[in-house]
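Visitor: Pasting a structure below so you can have a look.
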Amino acid sequence: MDQTITLSFVDKGGVLNPGELEERCRQAEPVLRRAVEGDPQYRDFTGWRTVDEHAGPDRVAFLQKEADRVRKDADAFVVIGIGGSNQSSRAAIKALRPKDGPAILWAGNTISACEMARTLEELDEYKSVYIDCIAKNFETLEPGIAFRVLRQYLEKRYGEAEAAKRIFATGTPGSTLHQLCKDHGYTFLTFPERVGGRFSVLSDVGLFPMAVAGVDIAAVTAGMRQMRDRIFAEKAEENIALRYAVLRKLFLEKGYALEMLSFFEPRLDYFAKWWVQTFAESEGKEDTALYPIVSSNSEDLHAVGQYVQQGRPILFETFLEIRARDASVILPPETKKDYFDYLTGKDFWDINEAARKGTFSAHSHRGIPCLCFSIPAIDAHTLGQLYYYFIFSCYLSCELLGVNPFDQPGVEAYKHQMFALLGKP
Ligand code: PA5
């Protein structure tokens, strides 16, 4: 199978001037070079850049061994975490739907009492439950309180000693979470110091829950390395990561406020959430940046599709095309008159493709700039490529914008208000 990801675009409205993209890529060559070589100013935040620093073959083998221990015994595995700590593994698990592993549940990503109660109720249905609390510094409220509730749930069900064997925690060495593990015998995994949440897919944070679920993490990391090698080798004008970053910057400059990621496989809904988080939390600073939104089609064509076709022209669109057919359902003949006979014998796969092509054509004819990523398949290797690709492009995109990709000072504002209401000392 051809594993290449390509990026093309159609600009029927002539938003970009001829040669403008290439010229701007040439100008941005130093930005690309700095990112590829490792910019000293971001040394403390780019532990993900080489892939191998925290997701090399030895670490993958170790994580797989730990995951196999869980897989042998667990019926359910709860991933506790929020933001960058849970999004990447959830994206892969929901997209790939591995079949033979434990049920994967998510907690610590909401403070909804209803969701917490439902999770506890659901866990009663499983015989053997394991948990992994992922939190960089273990100061975030959501995973902190979910971990307490679930820890006590396990202790009540299995007793303290047996519960300890079922508890994993992924945090920064030296953090209070690490201390908790040392004090009570929980298995401690590493949230690398030099990797922030939304860049943490290339570490124990993203890879361990994937491995427990049954995702082939060796394939994921092979995909990451393939994309790394490609980005590191391609010249600025042809560089797939830089071209995307520059296109985004150009459209922002030309007055577009939003980028919409459009896809026709609901399996990718959580991947899209990861994409939104990566770009919104990295770029949305200093009163600038594109607002990333999502259209999960064909469902959303019956909702936001109307706005895209005839509303204010404030967005450009980035489509995902999947080349490999991995499912087939043929519409059977029917004697009852339902007036869908023109589709008899057709595969849902091809009907969906017609919807994708038709949407691309309708939107680009309206003058909306339409980008298209053609990806080989929805599989572990391709997801690995996409993770590395979007993280790297996002970093470049932040550099072009002039914002720090690795901090998120804005998220503190609501926390101050909330903590005041909760009487945090
Ligand atoms: O990308 C980020 O840094 C954030 O989204 C964090 O991952 C999120 O806030 C959770 O942080 P922590 O792992 O420290 O609980």
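Letters A, B, ... go to the chains of the structure tokens in the order shown; residues in each chain start at 1; ligands are counted from 1 in the same order.
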Go through stretch 298-400 of chain A and flag each residue having an atom no more than 6 Å from stretch 245-258 of chain A; for those, report the closest pair of atoms plus their distance in Å to one decimal, using only C-alpha atoms, ordered by chain and rising number, as a tab-separated table.

Guide:
```
residue	atom	partner	partner_atom	distance
A:Ile314	CA	A:Tyr256	CA	4.9
A:Leu315	CA	A:Leu258	CA	4.5
A:Ser393	CA	A:Ala245	CA	5.7
A:Ser397	CA	A:Ala245	CA	4.6
```

Visitor: May I have the residues within 12 Å of A:Phe348 as JSON, numbers by chain, using only C-alpha atoms and disregarding those fewer than 4 positions away in the same chain?

Guide: {"A": [264, 265, 325, 326, 327, 328, 329, 330, 331, 332, 343, 344, 352, 353, 354, 355]}

Visitor: Residues of chain A that have any atom at most 6 Å from an atom of ligand 1: could you tabulate them with the shortest-distance atom pair and the distance in Å to one decimal, using only C-alpha atoms and all ligand atoms, ordered by chain and increasing number, as a Markdown table?

Guide:
```
| residue | atom | partner | partner_atom_place_in_ligand_line | distance |
| --- | --- | --- | --- | --- |
| A:Ile82 | CA | ligand 1 | 10 (C) | 5.0 |
| A:Gly83 | CA | ligand 1 | 5 (O) | 3.7 |
| A:Gly84 | CA | ligand 1 | 7 (O) | 3.4 |
| A:Ser85 | CA | ligand 1 | 7 (O) | 4.7 |
| A:Ala135 | CA | ligand 1 | 13 (O) | 3.4 |
| A:Lys136 | CA | ligand 1 | 14 (O) | 3.8 |
| A:Asn137 | CA | ligand 1 | 14 (O) | 4.8 |
| A:Phe138 | CA | ligand 1 | 15 (O) | 5.6 |
| A:Thr140 | CA | ligand 1 | 15 (O) | 4.5 |
| A:Gly196 | CA | ligand 1 | 3 (O) | 4.9 |
| A:Gly197 | CA | ligand 1 | 7 (O) | 3.4 |
| A:Arg198 | CA | ligand 1 | 1 (O) | 3.7 |
```

Visitor: Would you mind exporting the chosen residues as a tab-separated table (two decimals), in the first residue's frame, restricted to N, CA, C and O atoms?

Guide:
```tsv
chain	number	residue	atom	x	y	z
A	82	ILE	N	-7.23	14.71	31.16
A	82	ILE	CA	-7.97	15.74	30.43
A	82	ILE	C	-7.02	16.48	29.49
A	82	ILE	O	-5.81	16.50	29.72
A	83	GLY	N	-7.59	17.08	28.45
A	83	GLY	CA	-6.78	17.89	27.52
A	83	GLY	C	-5.77	17.01	26.81
A	83	GLY	O	-6.09	15.93	26.31
A	84	GLY	N	-4.52	17.43	26.84
A	84	GLY	CA	-3.49	16.66	26.16
A	84	GLY	C	-3.25	15.29	26.77
A	84	GLY	O	-2.66	14.42	26.13
A	85	SER	N	-3.71	15.08	27.98
A	85	SER	CA	-3.40	13.82	28.65
A	85	SER	C	-4.26	12.65	28.19
A	85	SER	O	-3.88	11.50	28.38
A	135	ALA	N	-1.51	12.69	34.47
A	135	ALA	CA	-1.54	14.11	34.82
A	135	ALA	C	-0.10	14.59	34.97
A	135	ALA	O	0.66	14.00	35.75
A	136	LYS	N	0.25	15.64	34.22
A	136	LYS	CA	1.65	16.03	34.20
A	136	LYS	C	2.18	16.39	35.59
A	136	LYS	O	3.11	15.81	36.07
A	137	ASN	N	1.54	17.38	36.21
A	137	ASN	CA	2.02	17.77	37.53
A	137	ASN	C	1.07	17.38	38.65
A	137	ASN	O	1.30	17.68	39.80
A	138	PHE	N	-0.03	16.78	38.26
A	138	PHE	CA	-1.06	16.36	39.20
A	138	PHE	C	-1.61	17.53	40.01
A	138	PHE	O	-1.75	17.47	41.21
A	140	THR	N	-4.16	19.38	38.21
A	140	THR	CA	-5.43	19.63	37.53
A	140	THR	C	-6.57	18.98	38.31
A	140	THR	O	-6.47	17.82	38.71
A	196	GLY	N	4.90	18.68	26.60
A	196	GLY	CA	3.65	19.21	27.13
A	196	GLY	C	2.48	18.29	26.74
A	196	GLY	O	2.61	17.45	25.84
A	197	GLY	N	1.36	18.48	27.41
A	197	GLY	CA	0.19	17.61	27.23
A	197	GLY	C	-0.17	17.35	25.77
A	197	GLY	O	-0.21	16.21	25.31
A	198	ARG	N	-0.39	18.41	25.01
A	198	ARG	CA	-0.91	18.19	23.66
A	198	ARG	C	0.16	17.69	22.68
A	198	ARG	O	-0.13	17.44	21.52
```

Visitor: List as a VMD selection string the protein and nucleic acid residues near stretch 202-205 of chain A, meaning an atom at most 10 Å away when only C-alpha atoms are counted, but skip any in the same chain fewer than 6 places from it.

Guide: chain A and resid 47 to 56 59 to 60 62 to 63 81 84 to 89 132 to 136 169 to 171 189 to 192 195 211 220 to 221 224 384 387 to 388

Visitor: Please return, as a ChimeraX atom specification, all residues of stretch 210-367 of chain A that DSSP assigns to strand (DSSP E) on the basis of the backbone.

Guide: /A:258-263,291-296,315-322

Visitor: Quick one: everything within 10 Å of A:Tyr158, counting only C-alpha atoms, minus sequence neighbours fewer than 6 positions away in the same chain. Send it as a VMD selection string.

Guide: chain A and resid 128 to 129 152 164 166

Visitor: Within 8 Å of A:Phe406, counting only C-alpha atoms, which residues qualify if same-chain residues fewer than 2 places away don't, as a PyMOL selection string?

Guide: chain A and resi 45+196+282+404+408

Visitor: List every residue of stretch 62-190 of chain A that DSSP, applied to the backbone, labels as helix (DSSP H, G or I), and write the result as number ranges by chain.

Guide: A: 62-73, 83-85, 87-96, 113-123, 141-158, 160-165, 176-184

Visitor: Take atom CA of A:Gly284 and atom CA of A:Arg267 and report the distance between them in Å, one decimal.

Guide: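 Computed distance, atom CA of A:Gly284 to atom CA of A:Arg267, equals 26.5 Å.
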
Visitor: List the neighbours of A:Ala236 out to 12 Å using only C-alpha atoms; skip same-chain residues closer than 5 positions along the sequence, and give me the result as JSON, numbers by chain.

Guide: {"A": [21, 22, 23, 24, 25, 26, 27, 28, 29, 30, 31, 32, 33, 34, 35, 36, 230, 231, 241, 242, 243, 244, 245, 246, 396]}

Visitor: I need the residues from that last selection saved to file as an mmCIF file, in the first residue's frame (with N, CA and C atoms), if you can.

Guide:
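As a result, part_39.cif now contains:
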```cif
data_model
loop_
_atom_site.group_PDB
_atom_site.id
_atom_site.type_symbol
_atom_site.label_atom_id
_atom_site.label_comp_id
_atom_site.auth_asym_id
_atom_site.auth_seq_id
_atom_site.Cartn_x
_atom_site.Cartn_y
_atom_site.Cartn_z
ATOM 1 N N LEU A 21 2.276 31.138 -2.317
ATOM 2 C CA LEU A 21 2.565 30.093 -1.336
ATOM 3 C C LEU A 21 4.050 29.729 -1.365
ATOM 4 N N GLU A 22 4.564 29.518 -2.571
ATOM 5 C CA GLU A 22 5.969 29.091 -2.698
ATOM 6 C C GLU A 22 6.909 30.176 -2.178
ATOM 7 N N GLU A 23 6.589 31.438 -2.536
ATOM 8 C CA GLU A 23 7.421 32.547 -2.094
ATOM 9 C C GLU A 23 7.481 32.622 -0.568
ATOM 10 N N ARG A 24 6.301 32.489 0.043
ATOM 11 C CA ARG A 24 6.250 32.573 1.513
ATOM 12 C C ARG A 24 6.944 31.367 2.170
ATOM 13 N N CYS A 25 6.865 30.210 1.502
ATOM 14 C CA CYS A 25 7.578 29.035 2.038
ATOM 15 C C CYS A 25 9.084 29.292 1.997
ATOM 16 N N ARG A 26 9.537 29.882 0.891
ATOM 17 C CA ARG A 26 10.982 30.178 0.785
ATOM 18 C C ARG A 26 11.397 31.128 1.908
ATOM 19 N N GLN A 27 10.558 32.158 2.137
ATOM 20 C CA GLN A 27 10.890 33.120 3.207
ATOM 21 C C GLN A 27 10.913 32.453 4.583
ATOM 22 N N ALA A 28 10.060 31.410 4.724
ATOM 23 C CA ALA A 28 9.943 30.770 6.052
ATOM 24 C C ALA A 28 10.965 29.654 6.251
ATOM 25 N N GLU A 29 11.866 29.505 5.313
ATOM 26 C CA GLU A 29 12.850 28.406 5.404
ATOM 27 C C GLU A 29 13.609 28.407 6.732
ATOM 28 N N PRO A 30 14.045 29.578 7.251
ATOM 29 C CA PRO A 30 14.761 29.569 8.544
ATOM 30 C C PRO A 30 13.891 29.028 9.690
ATOM 31 N N VAL A 31 12.593 29.276 9.612
ATOM 32 C CA VAL A 31 11.682 28.776 10.662
ATOM 33 C C VAL A 31 11.673 27.247 10.634
ATOM 34 N N LEU A 32 11.584 26.693 9.415
ATOM 35 C CA LEU A 32 11.598 25.243 9.256
ATOM 36 C C LEU A 32 12.924 24.667 9.757
ATOM 37 N N ARG A 33 14.000 25.309 9.349
ATOM 38 C CA ARG A 33 15.331 24.784 9.707
ATOM 39 C C ARG A 33 15.514 24.757 11.235
ATOM 40 N N ARG A 34 15.096 25.855 11.866
ATOM 41 C CA ARG A 34 15.215 25.922 13.345
ATOM 42 C C ARG A 34 14.425 24.795 14.012
ATOM 43 N N ALA A 35 13.222 24.569 13.488
ATOM 44 C CA ALA A 35 12.364 23.542 14.101
ATOM 45 C C ALA A 35 12.953 22.147 13.886
ATOM 46 N N VAL A 36 13.496 21.918 12.689
ATOM 47 C CA VAL A 36 14.062 20.604 12.365
ATOM 48 C C VAL A 36 15.325 20.353 13.193
ATOM 49 N N ARG A 230 10.417 12.478 6.641
ATOM 50 C CA ARG A 230 9.962 13.225 5.469
ATOM 51 C C ARG A 230 10.041 14.735 5.712
ATOM 52 N N ILE A 231 9.510 15.166 6.850
ATOM 53 C CA ILE A 231 9.510 16.613 7.147
ATOM 54 C C ILE A 231 10.947 17.133 7.267
ATOM 55 N N ALA A 241 4.725 19.966 5.772
ATOM 56 C CA ALA A 241 4.328 20.604 7.036
ATOM 57 C C ALA A 241 4.377 22.127 6.912
ATOM 58 N N LEU A 242 5.422 22.620 6.264
ATOM 59 C CA LEU A 242 5.548 24.074 6.123
ATOM 60 C C LEU A 242 4.469 24.624 5.187
ATOM 61 N N ARG A 243 4.181 23.891 4.116
ATOM 62 C CA ARG A 243 3.146 24.371 3.174
ATOM 63 C C ARG A 243 1.814 24.552 3.894
ATOM 64 N N TYR A 244 1.469 23.591 4.742
ATOM 65 C CA TYR A 244 0.199 23.690 5.479
ATOM 66 C C TYR A 244 0.242 24.894 6.427
ATOM 67 N N ALA A 245 1.346 25.034 7.158
ATOM 68 C CA ALA A 245 1.459 26.148 8.111
ATOM 69 C C ALA A 245 1.370 27.492 7.374
ATOM 70 N N VAL A 246 2.034 27.570 6.225
ATOM 71 C CA VAL A 246 2.026 28.831 5.471
ATOM 72 C C VAL A 246 0.638 29.096 4.884
ATOM 73 N N LEU A 396 5.158 24.912 13.654
ATOM 74 C CA LEU A 396 5.570 25.877 12.618
ATOM 75 C C LEU A 396 4.562 27.011 12.506
#
```

Visitor: One decimal, Å: what's the distance from atom CA of A:Phe390 over to atom CA of A:Glu283, could you say?

Guide: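 We find that atom CA of A:Phe390 and atom CA of A:Glu283 lie 12.8 Å from each other.
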
Visitor: As an exercise, work out the distance from atom CA of A:Leu105 to atom CA of A:Phe77 in Å and give it to one decimal place.

Guide: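 Spanning atom CA of A:Leu105 to atom CA of A:Phe77 is a straight-line distance of 6.2 Å.
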